[in-house]
file my_file.csv (CSV, C-alpha atoms)
chain,number,residue,atom,x,y,z
M,1,MET,CA,175.3,171.7,253.4
M,2,SER,CA,176.3,168.2,252.5
M,3,ILE,CA,178.1,166.4,249.8
M,4,PRO,CA,176.4,163.8,247.6
M,5,ALA,CA,178.1,160.4,248.1
M,6,SER,CA,177.9,159.8,244.3
M,7,ARG,CA,180.1,162.9,243.8
M,8,ILE,CA,182.7,161.6,246.3
M,9,LEU,CA,182.7,158.2,244.5
M,10,ARG,CA,183.3,159.9,241.1
M,11,HIS,CA,186.3,161.9,242.5
M,12,ILE,CA,187.8,158.8,244.1
M,13,ARG,CA,187.4,156.8,240.9
M,14,LEU,CA,189.0,159.6,238.9
M,15,GLN,CA,191.9,159.6,241.3
M,16,ILE,CA,192.6,155.9,241.1
M,17,ASN,CA,191.9,155.8,237.3
M,18,ASP,CA,189.1,153.2,237.6
M,19,PHE,CA,185.9,154.6,236.2
M,20,ASP,CA,185.5,151.2,234.5
M,21,GLU,CA,185.1,149.5,237.8
M,22,ALA,CA,187.7,147.0,236.7
M,23,LYS,CA,190.1,147.2,239.6
M,24,VAL,CA,188.1,148.2,242.7
M,25,THR,CA,184.5,147.6,243.6
M,26,ASP,CA,182.1,150.2,245.0
M,27,PHE,CA,181.8,147.9,248.0
M,28,GLN,CA,185.5,148.4,248.7
M,29,ILE,CA,185.4,152.1,248.2
M,30,LEU,CA,182.3,152.4,250.5
M,31,ASN,CA,184.1,150.6,253.3
M,32,PHE,CA,187.3,152.8,253.0
M,33,LEU,CA,185.1,155.9,252.7
M,34,ASN,CA,183.3,155.1,255.9
M,35,ARG,CA,186.5,154.5,257.7
M,36,ALA,CA,187.8,157.8,256.4
M,37,LEU,CA,184.6,159.6,257.6
M,38,SER,CA,185.0,158.0,261.0
M,39,ALA,CA,188.6,159.2,261.3
M,40,ILE,CA,187.7,162.7,260.1
M,41,SER,CA,184.7,162.8,262.4
M,42,THR,CA,186.8,161.9,265.4
M,43,ILE,CA,189.4,164.5,264.7
M,44,LEU,CA,186.7,167.1,263.9
M,45,SER,CA,184.9,166.5,267.2
M,46,ALA,CA,188.1,167.3,269.1
M,47,ARG,CA,188.0,170.7,267.4
M,48,ASP,CA,184.3,171.2,268.1
M,49,LEU,CA,183.5,173.0,264.9
M,50,ASP,CA,180.2,174.7,264.4
M,51,PHE,CA,178.7,172.4,261.8
M,52,LEU,CA,178.9,169.5,264.2
M,53,SER,CA,176.2,171.2,266.3
M,54,ALA,CA,172.7,169.9,266.0
M,55,SER,CA,169.5,170.0,267.9
M,56,GLN,CA,166.4,167.8,268.5
M,57,THR,CA,163.2,168.9,270.2
M,58,TYR,CA,161.3,166.5,272.4
M,59,SER,CA,157.7,167.0,273.5
M,60,GLY,CA,156.5,165.4,276.7
M,61,SER,CA,158.4,164.7,279.8
M,62,SER,CA,160.7,161.7,279.9
M,63,ALA,CA,161.8,161.9,283.5
M,64,SER,CA,161.4,158.2,284.3
M,65,ALA,CA,161.0,156.4,280.9
M,66,GLY,CA,163.6,158.3,279.0
M,67,ALA,CA,163.6,159.3,275.3
M,68,ASN,CA,165.9,158.0,272.6
M,69,LEU,CA,168.9,160.1,271.8
M,70,PRO,CA,169.4,161.1,268.1
M,71,ALA,CA,171.2,158.4,266.0
M,72,ASP,CA,174.2,160.7,265.4
M,73,PHE,CA,174.5,161.8,269.0
M,74,GLN,CA,178.0,162.3,270.4
M,75,ALA,CA,177.9,164.7,273.3
M,76,VAL,CA,175.6,167.1,275.0
M,77,LYS,CA,176.2,170.8,274.4
M,78,GLU,CA,173.1,172.2,276.1
M,79,VAL,CA,169.5,171.3,277.0
M,80,THR,CA,166.8,173.9,277.2
M,81,ASP,CA,163.1,173.7,278.1
M,82,GLY,CA,160.1,175.0,276.1
M,83,ASN,CA,160.8,178.6,277.3
M,84,SER,CA,164.4,178.4,276.2
M,85,TYR,CA,165.7,178.3,279.8
M,86,THR,CA,168.9,176.2,280.2
M,87,LEU,CA,168.4,173.0,282.2
M,88,THR,CA,170.9,171.6,284.7
M,89,PRO,CA,172.3,168.1,284.5
M,90,CYS,CA,171.5,166.1,287.6
M,91,TYR,CA,173.0,163.1,289.4
M,92,LEU,CA,172.7,159.8,287.5
M,93,THR,CA,170.9,158.3,290.4
M,94,LYS,CA,168.2,160.9,290.6
M,95,THR,CA,164.9,161.2,288.7
M,96,PRO,CA,165.2,164.6,287.0
M,97,THR,CA,162.8,167.4,288.1
M,98,THR,CA,161.3,170.0,285.8
M,99,TYR,CA,164.5,171.9,285.5
M,100,GLU,CA,166.9,169.0,285.2
M,101,TYR,CA,168.0,166.3,282.8
M,102,LYS,CA,170.4,163.4,282.6
M,103,VAL,CA,171.8,161.2,279.9
M,104,MET,CA,172.1,157.5,280.6
M,105,GLY,CA,172.8,154.8,278.0
M,106,GLU,CA,171.2,155.6,274.8
M,107,LYS,CA,168.5,157.8,276.4
M,108,ILE,CA,167.9,161.2,277.7
M,109,TYR,CA,165.8,161.7,280.8
M,110,CYS,CA,164.2,165.1,281.4
M,111,GLY,CA,161.5,166.4,283.7
M,112,ALA,CA,160.5,169.4,281.6
M,113,ALA,CA,157.2,169.2,279.6
M,114,SER,CA,159.0,169.9,276.4
M,115,TYR,CA,162.7,170.4,275.8
M,116,THR,CA,165.4,170.8,273.2
M,117,LEU,CA,168.7,168.9,273.1
M,118,PHE,CA,171.6,170.7,271.6
M,119,TYR,CA,174.3,168.2,270.9
M,120,ARG,CA,177.5,167.5,269.0
M,121,LYS,CA,176.9,165.0,266.3
M,122,PHE,CA,179.3,162.7,264.5
M,123,ILE,CA,179.5,162.2,260.8
M,124,ALA,CA,177.3,159.2,260.1
M,125,PRO,CA,178.6,156.5,257.7
M,126,ILE,CA,176.8,156.0,254.4
M,127,ASP,CA,175.1,152.9,253.1
M,128,ASP,CA,174.6,153.7,249.5
M,129,PHE,CA,176.4,155.8,246.9
M,130,ALA,CA,173.3,156.5,244.9
M,131,ASN,CA,171.1,158.2,247.5
M,132,ASP,CA,173.1,159.1,250.6
M,133,ASN,CA,174.8,162.4,251.4
M,134,VAL,CA,177.8,163.0,253.7
M,135,ALA,CA,176.9,165.6,256.3
M,136,LEU,CA,179.9,167.8,255.8
M,137,PRO,CA,180.4,171.2,254.1
M,138,ALA,CA,181.4,171.1,250.4
M,139,TYR,CA,185.0,172.2,251.2
M,140,PHE,CA,185.6,168.8,252.8
M,141,LEU,CA,185.4,167.0,249.4
M,142,GLY,CA,189.1,167.1,248.7
M,143,MET,CA,190.0,165.9,252.2
M,144,ILE,CA,187.5,163.1,252.1
M,145,VAL,CA,188.9,161.9,248.8
M,146,GLN,CA,192.5,162.1,249.9
M,147,VAL,CA,192.0,160.4,253.2
M,148,THR,CA,190.0,157.6,251.6
M,149,ILE,CA,192.7,157.0,249.0
M,150,LEU,CA,195.4,157.0,251.7
M,151,LEU,CA,193.4,154.3,253.5
M,152,MET,CA,193.1,152.3,250.3
M,153,GLN,CA,196.9,152.5,249.9
M,154,GLY,CA,197.2,151.1,253.4
M,155,ALA,CA,198.3,154.2,255.3
M,156,GLU,CA,199.1,153.6,259.0
M,157,THR,CA,196.8,155.1,261.6
M,158,GLY,CA,199.5,157.4,263.0
M,159,ALA,CA,200.5,158.9,259.7
M,160,LEU,CA,196.8,159.2,258.7
M,161,ILE,CA,195.9,161.2,261.8
M,162,GLN,CA,198.8,163.4,261.2
M,163,THR,CA,197.8,164.0,257.6
M,164,ILE,CA,194.2,164.8,258.5
M,165,ASN,CA,195.3,167.2,261.2
M,166,ASN,CA,197.7,168.9,258.8
M,167,MET,CA,194.9,169.2,256.2
M,168,MET,CA,192.5,170.6,258.7
M,169,ASP,CA,195.1,173.2,259.8
M,170,THR,CA,195.5,174.4,256.3
M,171,ASP,CA,192.1,173.8,254.6
M,172,ILE,CA,189.4,174.1,257.1
M,173,PRO,CA,188.3,177.5,258.5
M,174,THR,CA,188.6,177.3,262.2
M,175,THR,CA,186.6,180.3,263.4
M,176,THR,CA,183.7,179.0,265.3
M,177,TYR,CA,180.6,180.7,266.3
M,178,ASN,CA,181.5,180.2,269.9
M,179,LYS,CA,184.6,182.3,269.5
M,180,LYS,CA,182.8,184.9,267.6
M,181,ARG,CA,180.1,185.2,270.2
M,182,GLU,CA,182.7,185.6,272.9
M,183,ARG,CA,184.3,188.4,271.0
M,184,VAL,CA,181.0,190.2,270.4
M,185,MET,CA,180.1,189.9,274.0
M,186,GLY,CA,183.6,191.1,275.0
M,187,ASN,CA,183.3,194.2,272.9
M,188,ALA,CA,179.8,194.8,274.2
M,189,GLY,CA,181.0,194.6,277.8
E,1,MET,CA,188.9,139.4,211.5
E,2,LEU,CA,187.3,136.1,210.5
E,3,VAL,CA,188.7,132.8,211.9
E,4,GLU,CA,189.3,131.8,208.3
E,5,GLU,CA,191.9,134.5,207.8
E,6,ALA,CA,193.6,133.6,211.1
E,7,VAL,CA,193.7,130.0,210.1
E,8,ASN,CA,195.2,130.8,206.7
E,9,ARG,CA,197.9,132.9,208.2
E,10,ILE,CA,198.9,130.3,210.7
E,11,LYS,CA,199.0,127.7,208.0
E,12,ALA,CA,201.1,130.0,205.9
E,13,ALA,CA,203.7,130.2,208.7
E,14,GLY,CA,204.4,126.5,208.4
E,15,ARG,CA,207.1,125.2,206.0
E,16,GLY,CA,204.9,122.7,204.2
E,17,ASN,CA,203.0,124.8,201.7
E,18,GLY,CA,200.1,125.3,204.1
E,19,ASN,CA,199.7,121.6,204.7
E,20,ASP,CA,201.5,121.2,208.0
E,21,TRP,CA,198.3,121.1,210.1
E,22,GLY,CA,194.6,120.5,209.5
E,23,VAL,CA,192.0,123.2,210.1
E,24,ASP,CA,190.8,121.6,213.3
E,25,ARG,CA,194.3,121.4,214.6
E,26,VAL,CA,194.9,125.1,213.8
E,27,ILE,CA,191.7,126.1,215.5
E,28,ASP,CA,193.0,124.3,218.6
E,29,PHE,CA,196.1,126.4,218.5
E,30,LEU,CA,194.0,129.5,218.1
E,31,ASN,CA,191.9,128.6,221.2
E,32,THR,CA,195.0,127.9,223.3
E,33,ALA,CA,196.4,131.3,222.3
E,34,LEU,CA,193.0,132.9,223.1
E,35,GLN,CA,193.1,131.6,226.6
E,36,GLN,CA,196.7,132.8,227.0
E,37,ILE,CA,195.7,136.3,225.8
E,38,SER,CA,192.6,136.4,228.0
E,39,ALA,CA,194.7,135.7,231.1
E,40,LEU,CA,197.1,138.5,230.0
E,41,LEU,CA,194.2,140.9,229.6
E,42,VAL,CA,192.8,140.0,233.0
E,43,ALA,CA,196.2,140.5,234.6
E,44,ASN,CA,196.2,144.0,233.0
E,45,ARG,CA,192.6,144.7,234.0
E,46,TYR,CA,191.4,145.3,230.5
E,47,PRO,CA,187.8,146.8,230.8
E,48,PRO,CA,186.2,145.6,227.5
E,49,ILE,CA,186.2,142.0,228.7
E,50,VAL,CA,184.4,142.9,231.9
E,51,LYS,CA,180.8,141.6,232.3
E,52,THR,CA,178.1,142.4,234.9
E,53,VAL,CA,175.6,140.0,236.4
E,54,GLN,CA,173.1,140.3,239.2
E,55,LEU,CA,174.0,137.6,241.8
E,56,GLU,CA,171.7,136.3,244.5
E,57,ASP,CA,172.8,134.3,247.5
E,58,GLY,CA,173.4,130.7,246.5
E,59,ASP,CA,173.8,131.4,242.7
E,60,ASP,CA,176.4,129.6,240.6
E,61,LEU,CA,179.2,131.7,239.3
E,62,PRO,CA,178.8,132.6,235.6
E,63,GLU,CA,180.3,129.9,233.4
E,64,ASN,CA,182.8,132.2,231.8
E,65,TYR,CA,184.0,133.7,235.1
E,66,MET,CA,187.7,134.2,235.4
E,67,PHE,CA,188.3,136.8,238.1
E,68,SER,CA,186.2,139.4,239.9
E,69,CYS,CA,186.9,143.1,239.5
E,70,GLY,CA,187.9,143.8,243.1
E,71,THR,CA,186.4,142.4,246.3
E,72,TYR,CA,182.7,141.7,247.0
E,73,PRO,CA,181.2,140.6,250.3
E,74,ILE,CA,180.8,137.0,249.0
E,75,ARG,CA,182.5,133.7,249.6
E,76,ILE,CA,183.0,131.4,246.7
E,77,THR,CA,182.8,127.6,247.3
E,78,GLU,CA,182.8,125.1,244.5
E,79,GLY,CA,181.6,127.7,242.0
E,80,LYS,CA,178.7,128.8,244.2
E,81,VAL,CA,178.3,132.2,245.8
E,82,GLU,CA,177.5,132.8,249.5
E,83,PHE,CA,176.6,136.3,250.7
E,84,LEU,CA,178.4,137.4,253.8
E,85,ASP,CA,176.0,140.3,254.4
E,86,ASP,CA,172.4,139.2,255.0
E,87,SER,CA,171.0,142.7,254.4
E,88,LEU,CA,171.8,142.3,250.6
E,89,ASP,CA,169.3,140.8,248.3
E,90,GLU,CA,171.5,140.8,245.3
E,91,ILE,CA,174.9,142.1,244.3
E,92,ARG,CA,175.8,143.7,241.0
E,93,PHE,CA,178.8,141.5,240.3
E,94,ARG,CA,181.5,142.6,237.8
E,95,TYR,CA,184.0,140.0,236.6
E,96,PHE,CA,186.5,139.4,233.9
E,97,ALA,CA,185.0,136.9,231.4
E,98,ASN,CA,186.7,134.3,229.4
E,99,VAL,CA,186.5,135.3,225.8
E,100,GLY,CA,185.3,131.9,224.8
E,101,LYS,CA,186.3,129.6,222.0
E,102,VAL,CA,186.2,129.8,218.2
E,103,VAL,CA,184.6,126.7,216.6
E,104,LYS,CA,184.5,127.1,212.8
E,105,THR,CA,186.2,129.2,210.2
E,106,SER,CA,183.2,131.3,209.5
E,107,ASP,CA,183.2,132.6,213.1
E,108,ASP,CA,184.5,136.0,213.9
E,109,MET,CA,187.6,136.2,216.1
E,110,PRO,CA,186.3,137.1,219.6
E,111,PHE,CA,188.1,140.4,220.0
E,112,THR,CA,186.7,143.5,218.3
E,113,ASN,CA,190.1,145.1,218.5
E,114,ASP,CA,192.1,143.5,215.7
E,115,ALA,CA,195.4,144.4,217.4
E,116,ILE,CA,194.6,141.8,220.0
E,117,ASN,CA,193.5,139.3,217.4
E,118,GLU,CA,196.9,139.8,215.7
E,119,ILE,CA,198.6,138.8,218.9
E,120,VAL,CA,196.4,135.8,219.2
E,121,VAL,CA,197.4,134.7,215.7
E,122,LYS,CA,201.1,135.3,216.5
E,123,GLY,CA,200.7,133.2,219.7
E,124,ALA,CA,199.0,130.4,217.8
E,125,ILE,CA,201.8,130.4,215.2
E,126,LEU,CA,204.3,129.9,218.0
E,127,LEU,CA,202.3,127.0,219.3
E,128,ALA,CA,202.1,125.5,215.9
E,129,LEU,CA,205.7,125.9,215.0
E,130,ASN,CA,206.7,124.6,218.4
E,131,GLU,CA,204.8,121.4,217.7
E,132,ASN,CA,206.7,120.9,214.5
E,133,ALA,CA,209.9,121.2,216.5
E,134,TYR,CA,211.1,124.4,215.0
E,135,ASN,CA,213.4,126.5,217.2
E,136,ILE,CA,211.1,129.4,218.3
E,137,GLY,CA,213.2,130.8,221.1
E,138,GLN,CA,213.7,134.2,219.4
E,139,ASP,CA,210.2,134.4,218.0
E,140,SER,CA,208.8,133.7,221.4
E,141,GLN,CA,210.7,136.6,223.0
E,142,LEU,CA,209.5,139.0,220.4
E,143,VAL,CA,205.9,137.9,220.8
E,144,SER,CA,205.9,138.1,224.6
E,145,ALA,CA,207.3,141.6,224.3
E,146,LEU,CA,204.6,142.5,221.9
E,147,GLN,CA,201.9,141.0,224.2
E,148,GLN,CA,203.1,143.1,227.1
E,149,ALA,CA,203.2,146.3,225.0
E,150,VAL,CA,199.7,145.9,223.7
E,151,ALA,CA,198.3,144.7,227.0
E,152,SER,CA,199.7,147.6,229.0
E,153,GLY,CA,198.8,150.0,226.3
E,154,LEU,CA,195.2,148.9,226.1
E,155,SER,CA,194.5,148.9,229.8
E,156,GLY,CA,196.3,152.2,230.5
E,157,THR,CA,198.6,150.7,233.1
E,158,GLY,CA,201.6,151.9,231.1
E,159,PRO,CA,202.7,155.5,231.6
E,160,ALA,CA,202.1,158.0,234.3
E,161,VAL,CA,199.1,156.6,236.0
E,162,ALA,CA,198.8,156.7,239.8
E,163,GLN,CA,198.3,153.2,241.0
E,164,THR,CA,196.6,152.3,244.2
E,165,ALA,CA,196.3,149.2,246.3
E,166,GLU,CA,193.6,146.9,245.1

call {"tool": "encode", "arguments": {"input": "my_file.csv", "output": "structure tokens"}}
result
Amino acid sequence: MSIPASRILRHIRLQINDFDEAKVTDFQILNFLNRALSAISTILSARDLDFLSASQTYSGSSASAGANLPADFQAVKEVTDGNSYTLTPCYLTKTPTTYEYKVMGEKIYCGAASYTLFYRKFIAPIDDFANDNVALPAYFLGMIVQVTILLMQGAETGALIQTINNMMDTDIPTTTYNKKRERVMGNAG
Amino acid sequence: MLVEEAVNRIKAAGRGNGNDWGVDRVIDFLNTALQQISALLVANRYPPIVKTVQLEDGDDLPENYMFSCGTYPIRITEGKVEFLDDSLDEIRFRYFANVGKVVKTSDDMPFTNDAINEIVVKGAILLALNENAYNIGQDSQLVSALQQAVASGLSGTGPAVAQTAE
């Protein structure tokens, strides 16, 4: 579930009529694309859609030394131990016990012997059109292209955010797993 | 088109039975007109005169460099290139190249597209006539209209193309 950066590049070049690379360099497009991804990622995270969820499993306790957070970490959703029990966040000043964790700086501290961090990620920028992928579902292609071109045309931030929100309202499915789960649980109850 | 044909046509445009200017002089006119058309094609972002080169930090710019195709993370000082991003080893640099000069009558005219060569010849004729003090006001207007038409037609900047900031 990702879009090859090379495909995005082709769509942008088609739109600006510059497959010849005579007007705009890949370097310029890359910068505008990364700014577009950052804007989209910020607005997406406010909506907390499912595909922003990710997990990372750690083995070994990190109660005092801490372990590095994933590179695309944005916010904690949940932390579970090796038996899938949910752990509790503790005070920043405390060393976590076996059922506790804390996040400080760029590290997570947890007393459990092994644990899994469920987190909300952000959409990482890309370095290279040839090999990189944008970690968004395929139906974002049109939006990414449009937002990048708006930025290239010098759109103002306010107008840009408005546009992205409008596009998301119309284009992006908003049913999230969380809502679905609530409904299922409500019916069951 | 051979340079010879171009030279003959420019000579024929004079009033002195083809003896107004010597061949070398006519080739000078041609070269001036070539520079003029090159600049026009660059201004219209004409892809066939684009060249690509792999640049490393500290390299000289290519000799026939006129203008880069967009922005690269480099700084140009006295014809030398400095990289602004240390993580890059080299940059695939695309630029608009000067078409170069013609030297002798057996040379080919530099453009493969004869429509452009025609305009070069027309431009050279204007330069030649101007030097002989003919009144070229009206011809000059016609030629510049022609230049614009061809340049925008070639580069597709003419009709119905969405343009973006560069």

call {"tool": "closest_atom_pairs", "arguments": {"input": "my_file.csv", "of": "range 44-129 of chain E", "to": "range 18-28 of chain E", "cutoff": "8 Å", "atoms": "all atoms listed in the file", "output": "CSV"}}
result
residue,atom,partner,partner_atom,distance
E:Val102,CA,E:Ile27,CA,7.2
E:Val103,CA,E:Ile27,CA,7.2
E:Lys104,CA,E:Ile27,CA,7.8
E:Ala124,CA,E:Val26,CA,7.8
E:Ala128,CA,E:Val26,CA,7.5

call {"tool": "residues_around", "arguments": {"input": "my_file.csv", "residues": "range 1-10 of chain M", "least_positions_apart": "5", "cutoff": "6 Å", "atoms": "all atoms listed in the file", "output": "list in words"}}
result
Phe129, Ala130, Asp132, Asn133, Val134, Ala135, Leu136, Pro137 and Ala138 of chain M

call {"tool": "closest_residue", "arguments": {"input": "my_file.csv", "among": "M:Gln153, M:Ser59, M:Ser45, M:Ser53", "to": "chain E", "atoms": "only C-alpha atoms"}}
result
M:Gln153

call {"tool": "interface_residues", "arguments": {"input": "my_file.csv", "of": "chain M", "to": "chain E", "cutoff": "12 Å", "atoms": "all atoms listed in the file", "output": "VMD selection string"}}
result
chain M and resid 12 to 32 127 to 128 148 to 155

call {"tool": "residues_near_point", "arguments": {"input": "my_file.csv", "point": "(207.9, 133.8, 222.5)", "cutoff": "12 Å", "atoms": "all atoms listed in the file", "output": "list in words"}}
result
Ala33, Ile119, Lys122, Gly123, Ala124, Ile125, Leu126, Leu127, Leu129, Asn130, Asn135, Ile136, Gly137, Gln138, Asp139, Ser140, Gln141, Leu142, Val143, Ser144, Ala145, Leu146, Gln147 and Gln148 of chain E

call {"tool": "residues_near_point", "arguments": {"input": "my_file.csv", "point": "(177.3, 129.4, 247.8)", "cutoff": "12 Å", "atoms": "all atoms listed in the file", "output": "NGL selection string"}}
result
:E and (55-61 or 74-84)

call {"tool": "atom_distance", "arguments": {"input": "my_file.csv", "atom1": "CA of Asp50 in chain M", "atom2": "CA of Ile164 in chain M"}}
result
18.1 Å

call {"tool": "atom_distance", "arguments": {"input": "my_file.csv", "atom1": "CA of Asp48 in chain M", "atom2": "CA of Phe140 in chain M"}}
result
15.5 Å

call {"tool": "atom_distance", "arguments": {"input": "my_file.csv", "atom1": "CA of Tyr85 in chain M", "atom2": "CA of Tyr58 in chain M"}}
result
14.6 Å

call {"tool": "residues_around", "arguments": {"input": "my_file.csv", "residues": "Cys90 in chain M", "least_positions_apart": "6", "cutoff": "7 Å", "atoms": "all atoms listed in the file", "output": "ChimeraX atom specification"}}
result
/M:96,100-102

call {"tool": "closest_residue", "arguments": {"input": "my_file.csv", "among": "M:Ala67, M:Ala124, M:Val76, M:Val147", "to": "Cys110 in chain M", "atoms": "all atoms listed in the file"}}
result
M:Ala67
